[in-house]
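J.: Below you will find the structure I want to go over with you.
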Amino acid sequence: MGNKTSNIKTNQIESILSPEELRRAKNAFCIFDQAGLGEVEIGNIGRMMQGLGYSVSYAEISVMTEKAKVKRAFTLKQWLQMQARRKIEQQFKEKIVDAYKDFERCGSSKISINDVRETMASFEGNISPARVEEIVRESVQNEPLSPRFDEFLKVVVGK
């Protein structure tokens with residue numbers, strides 16, 4: 001992901017998360033901050049996410065904590081930033097999938113390289129031009145002129 005999710009400020013969280021999502025995330029934090037110290041050990045993230053209805057892998061948790069620059073424990077602010085970042089990234093993935101559903105042409109399951117570049121570039125602020133080119137290179141490894149749609153999605157959204 002690009003710059004939009006790297007530094008979410010506290011005042012932006014309320015515009016990203018709905019009041020219900022914010023309430024649930026705060027409640028999950030409070031449940032795991034049993035000592036009342038204002039921090040939760042990173043080993044609890046998986047259970048906290050499950051409590052919110054998400055199934056996350058160890059690899060996803062590692063990415064979350066790395067992006068939040070969390071080493072051992074995290075604060076409520078960091079937890080809310082992680083939740084806001086997760087929501088932005090999920091919305092981005094959904095936009096990509098929706099955008100490319102239109103590109104499956106004639107049942108060939110392929111899209112053109114120009115379509116890839118054009119559509120990825122249209123997600124301004126979410127993805128850098130360098131990342132667009134990286135995605136193009138990764139998605140066309142086996143078919144240089146038109147990647148398979150399903151292979152492209154794997155590269156972009158990990159599906």
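In the structure tokens, the first chain shown is A, the next is B, and so on; residue numbers restart at 1 for each chain, and ligands run from 1 in the order shown.
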Restrict the calculation to only C-alpha atoms, then for each residue of stretch 27-50 of chain A with any atom at most 8 Å from an atom of stretch 67-73 of chain A give the closest atom pair and their distance in Å to one decimal, rows by chain and rising residue number, as a tab-separated table.

T.:
residue	atom	partner	partner_atom	distance
A:Glu39	CA	A:Ala73	CA	6.0
A:Val40	CA	A:Ala73	CA	5.2
A:Glu41	CA	A:Ala73	CA	4.1
A:Ile42	CA	A:Ala73	CA	5.2

J.: Store the residues of this selection in a file with N, CA and C atoms, as a PDB file, in the first residue's frame.

T.:
ATOM      1  N   GLU A  39      -1.746  -0.723  27.648  1.00  0.00           N
ATOM      2  CA  GLU A  39      -1.066  -1.416  26.560  1.00  0.00           C
ATOM      3  C   GLU A  39      -1.422  -2.902  26.585  1.00  0.00           C
ATOM      4  N   VAL A  40      -1.319  -3.516  25.409  1.00  0.00           N
ATOM      5  CA  VAL A  40      -1.634  -4.928  25.253  1.00  0.00           C
ATOM      6  C   VAL A  40      -0.458  -5.589  24.535  1.00  0.00           C
ATOM      7  N   GLU A  41      -0.088  -6.774  24.988  1.00  0.00           N
ATOM      8  CA  GLU A  41       1.001  -7.535  24.360  1.00  0.00           C
ATOM      9  C   GLU A  41       0.616  -7.924  22.933  1.00  0.00           C
ATOM     10  N   ILE A  42       1.586  -7.918  22.024  1.00  0.00           N
ATOM     11  CA  ILE A  42       1.272  -8.232  20.627  1.00  0.00           C
ATOM     12  C   ILE A  42       0.760  -9.658  20.444  1.00  0.00           C
TER      13      ILE A  42
END

J.: Measure the distance from atom CA of A:Glu66 to atom CA of A:Gln90 in Å and round it to one decimal.

T.: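 These two atoms are separated by 17.5 Å.
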
J.: Could you please write out, as a ChimeraX atom specification, every residue of stretch 6-116 of chain A that DSSP assigns to strand (DSSP E or B)?

T.: /A:39-41,73-75,110

J.: Based on the selection just made, write N, CA and C atoms of those residues as a tab-separated table (two decimals), in the first residue's frame.

T.:
chain	number	residue	atom	x	y	z
A	39	GLU	N	-1.75	-0.72	27.65
A	39	GLU	CA	-1.07	-1.42	26.56
A	39	GLU	C	-1.42	-2.90	26.59
A	40	VAL	N	-1.32	-3.52	25.41
A	40	VAL	CA	-1.63	-4.93	25.25
A	40	VAL	C	-0.46	-5.59	24.53
A	41	GLU	N	-0.09	-6.77	24.99
A	41	GLU	CA	1.00	-7.54	24.36
A	41	GLU	C	0.62	-7.92	22.93
A	73	ALA	N	4.46	-4.50	22.86
A	73	ALA	CA	3.09	-4.18	23.26
A	73	ALA	C	2.64	-2.94	22.48
A	74	PHE	N	1.33	-2.74	22.42
A	74	PHE	CA	0.80	-1.59	21.69
A	74	PHE	C	-0.23	-0.86	22.54
A	75	THR	N	-0.36	0.42	22.25
A	75	THR	CA	-1.30	1.29	22.97
A	75	THR	C	-2.65	1.29	22.26
A	110	LYS	N	-8.14	-12.81	-19.29
A	110	LYS	CA	-6.92	-12.01	-19.42
A	110	LYS	C	-7.26	-10.53	-19.48

J.: Go ahead and compute the interatomic distance for atom CA of A:Ile8 and atom CA of A:Ala84, in Å to one decimal.

T.: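 Separation of atom CA of A:Ile8 and atom CA of A:Ala84: 7.7 Å.
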
J.: I need the residues of stretch 2-116 of chain A that end up classed as helix (DSSP H, G or I) by DSSP on the backbone, written out as a ChimeraX atom specification.

T.: /A:3-5,10-16,19-32,42-51,58-67,76-101,113-116

J.: How many Å lie between atom CA of A:Glu89 and atom CA of A:Leu17, rounded to one decimal?

T.: 12.5 Å
